[in-house]
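To start, the structure under review is shown below, and the notes come after it.
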Amino acid sequence: MNSAKKKIAFKTLGCRLNQYETDALVSDFDKAGYEVVDFKEHADVVVVNTCTVTNQSDQKSRNTISQAARNNKGSVVVVTGCMANNYKEKLEGEDKITYVVENNRKGSILNLVDGHFGGELIHPEKLHADVFSYQVVDKSLHTRSAIKIQDGCDNFCTFCIIPTVRGRAVSRPLPQIIENVKNTLANGFKELVITGVNIGRYEWEDKRFEDVLEAILSVEGDFRVRISSLEPDGFGDDFVKLFSHPRMTPHLHLCLQSGSDKVLLRMRRMYDLKQFEHTVNLFRAQYPDFNFTTDLIVGFPDESEDDFQESIDAVNRYNFGHVHTFKYSVRKGTRAERMDNHIPDKIKTERSTRIREASEDSRDRYLNSFLGKTETVLIEGINKQQVANGYGEHYIPVHFKAEGLEKNTFARVKLVKVEGRGEDARVIGELVG
């Protein structure tokens with residue numbers, strides 16, 4: 001097979017872990033001689049990396065698979081990701097899909113596709129199974145690169161299907177992580193995002209999550225470190241000390257899920273609101289501008305209006321920089337599926353609208369609090385008008401005039417005004433120096 005003539009496109013849905021795994025696949029296929037093209041272009045191979053965390057995620061994944069098959073008739077369509085685990089048999093029965101690859105074999109998709117074009121039909125179940133088998137990201141769809149340190153989860157929250165589709169918790173050996181970090185930095189990346197399913201529960205030999213961060217921060221180079229998503233129960237009070245390191249970005253996506261202790265208990269979360277608030281206060285006592293972003297689920301079974309109001313109150317109290325809101329979705333096989341008093345969709349939609357309004361107000365307040373201050377922005381792109389866009393260390397989206405600068409470099413920018421609202425808001429800045 002002359003793989004240089006083959007074009008491949010990717011589409012990723014869902015979490016940053018999925019995004020990282022797609023980036024690693026992009027690097028694999030690029031090094032193997034494939035031409036990586038935009039998902040909208042016709043390709044010989046299309047890989048759809050799916051999500052199944054909610055009903056909406058399922059629908060988006062199905063629509064994307066249909067689009068990939070419709071726009072690439074006769075091409076190889078590979079479906080992977082969490083939906084491939086959750087609906088494996090159903091997806092395998094669809095003629096428009098060539099291969100269905102489960103999460104633990106995702107890293108071997110290049111071998112599957114190479115075999116296909118070489119006349120060797122490999123069943124996906126025969127692929128090597130290893131959740132850490134990904135090569136170092138080189139060619140990426142993003143300017144930052146994730147470092148995968150962990151996969152799977154043992155928490156078994158009552159609403160969550162992730163332990164089923166991702167498996168039980170497993171941690172990557174620390175020496176492999178540090179080698180991955182060094183190789184990723186050698187490929188030119190300036191921001192490393194520490195990722196996994198439940199990274200706060202990292203455990204390898206006598207090493208824990210804080211030990212991993214300390215080891216990464218000790219690596220030489222011009223880079224900064226961001227944490228992708230963290231459960232509120234995965235660390236102790238000493239964790240805050242790590243953020244005094246100049247490479248650590250003052251931002252955490254700390255998953256609250258509900259502002260009601262009653263609902264948190266029914267969700268089987270491993271913390272209560274007092275513990276969450278303790279963490280927020282602990283960090284902001286040291287770093288007043290620290291950016292906390294979060295996830296909230298509305299309409300969980302038996303969520304009363306008072307319970308929901310407690311979530312609204314939490315958004316107003318904690319000044320989140322962003323809130324990702326989910327309407328509760330029934331996931332088959334979870335304990336929440338069997339609970340009483342499921343909330344009607346109409347009420348879930350109404351509550352979702354109200355909490356998004358509160359979330360947009362919170363984000364606006366947070367962004368406006370930075371006006372007149374200076375951020376170190378990692379430039380992600382520069383348009384034809386020489387306007388750069390990127391994120392500051394507090395994960396603030398910034399746009400500014402950047403003549404003479406280049407993508408994937410740091411720039412000091414003074415923030416002068418906020419444009420837009422909520423998720424569409426951005427801060428306009430002026431280059432300093």
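Identifiers in this document derive from the order of the structure tokens: chains are assigned A, B, ..., residues are numbered from 1 separately in each chain, and ligands are numbered from 1 in order of occurrence.
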*Please return as a list in words: the residues of range 84-279 of chain A that backbone DSSP assigns to strand (DSSP E).*
Tyr99, Val100, Ser145, Ala146, Ile147, Lys148, Gln150, Asp151, Val170, Ser171, Glu191, Leu192, Val193, Ile194, Thr195, Glu203, Trp204, Lys207, Arg208, Arg224, Val225, Arg226, Ile227, His251, Leu252 and His253 of chain A
Take the residues that were just selected and, keeping C-alpha atoms, output them as an mmCIF file, in the first residue's frame.
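Output below, filename selection.cif:
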data_model
loop_
_atom_site.group_PDB
_atom_site.id
_atom_site.type_symbol
_atom_site.label_atom_id
_atom_site.label_comp_id
_atom_site.auth_asym_id
_atom_site.auth_seq_id
_atom_site.Cartn_x
_atom_site.Cartn_y
_atom_site.Cartn_z
ATOM 1 C CA TYR A 99 -14.816 -1.094 12.211
ATOM 2 C CA VAL A 100 -15.853 -0.557 15.828
ATOM 3 C CA SER A 145 -0.677 18.702 24.328
ATOM 4 C CA ALA A 146 -2.219 16.427 26.931
ATOM 5 C CA ILE A 147 -0.225 14.044 29.098
ATOM 6 C CA LYS A 148 -2.298 10.990 29.944
ATOM 7 C CA GLN A 150 -4.449 7.572 34.277
ATOM 8 C CA ASP A 151 -7.548 5.896 32.853
ATOM 9 C CA VAL A 170 -5.369 2.166 36.192
ATOM 10 C CA SER A 171 -2.355 4.464 36.547
ATOM 11 C CA GLU A 191 1.514 23.830 27.510
ATOM 12 C CA LEU A 192 0.954 20.384 28.986
ATOM 13 C CA VAL A 193 -2.527 19.384 30.120
ATOM 14 C CA ILE A 194 -2.551 16.590 32.696
ATOM 15 C CA THR A 195 -5.436 14.309 31.815
ATOM 16 C CA GLU A 203 -1.610 5.486 42.354
ATOM 17 C CA TRP A 204 1.566 3.771 41.163
ATOM 18 C CA LYS A 207 3.468 7.679 44.115
ATOM 19 C CA ARG A 208 0.303 9.758 44.181
ATOM 20 C CA ARG A 224 3.482 25.545 31.669
ATOM 21 C CA VAL A 225 1.191 22.915 33.197
ATOM 22 C CA ARG A 226 -2.602 22.840 33.334
ATOM 23 C CA ILE A 227 -4.845 20.225 34.967
ATOM 24 C CA HIS A 251 -6.958 27.144 37.091
ATOM 25 C CA LEU A 252 -8.819 23.986 38.099
ATOM 26 C CA HIS A 253 -11.865 22.367 36.554
#
*Quick one: residues within 9 Å of Lys274 in chain A, only C-alpha atoms counted, chain neighbours fewer than 4 positions away excluded, as a PyMOL selection string?*
chain A and resi 261+278-279
Let's have the selection written as a PDB file, in the first residue's frame, with C-alpha atoms.
ATOM      1  CA  ASP A 261     -25.784  17.767  49.741  1.00  0.00           C
ATOM      2  CA  HIS A 278     -13.112  24.438  51.812  1.00  0.00           C
ATOM      3  CA  THR A 279     -11.055  23.745  48.689  1.00  0.00           C
TER       4      THR A 279
END
*Find the residues around Glu179 in chain A up to 12 Å (only C-alpha atoms counted), leave out those fewer than 2 positions away in its own chain, and share them as a count of residues only.*
20
*range 123-130 of chain A: which residues within 9 Å, counting only C-alpha atoms, same-chain residues fewer than 5 positions away excluded, as a PyMOL selection string?*
chain A and resi 99-109+111-112
Find the nearest atom pair between each residue of range 311-388 of chain A and range 401-406 of chain A for residues within 6 Å, count only C-alpha atoms, give distances in Å to one decimal, sort rows by chain and ascending number, and present the table as CSV.
residue,atom,partner,partner_atom,distance
A:Gln386,CA,A:Glu403,CA,5.5
A:Val387,CA,A:Lys401,CA,4.5
A:Ala388,CA,A:Ala402,CA,5.7
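Between CA of Gly433 in chain A and CA of Thr376 in chain A lies a distance of 12.3 Å.
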*asked:* To one decimal place in Å, what is the distance between CA of Gln286 in chain A and CA of Met270 in chain A?
replied: 24.9 Å
_Could you check the closest approach to Cys157 in chain A for each of A:Ile343, A:Met267, A:Ala43, A:Leu367 and tell me which residue wins, using only C-alpha atoms?_
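Result for the nearest residue to Cys157 in chain A: A:Met267.
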_Would you compute the distance between CA of Val78 in chain A and CA of Lys7 in chain A? Give it in Å to one decimal._
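Rounded to one decimal, the two atoms are 13.7 Å apart.
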*Excluding Lys6 in chain A and residues on its chain fewer than 3 positions from it, collect all residues at most 12 Å away from it, counting only C-alpha atoms, and give them as a ChimeraX atom specification.*
/A:1-3,9,29-30,32-37,42-46,75-76,113-114,117
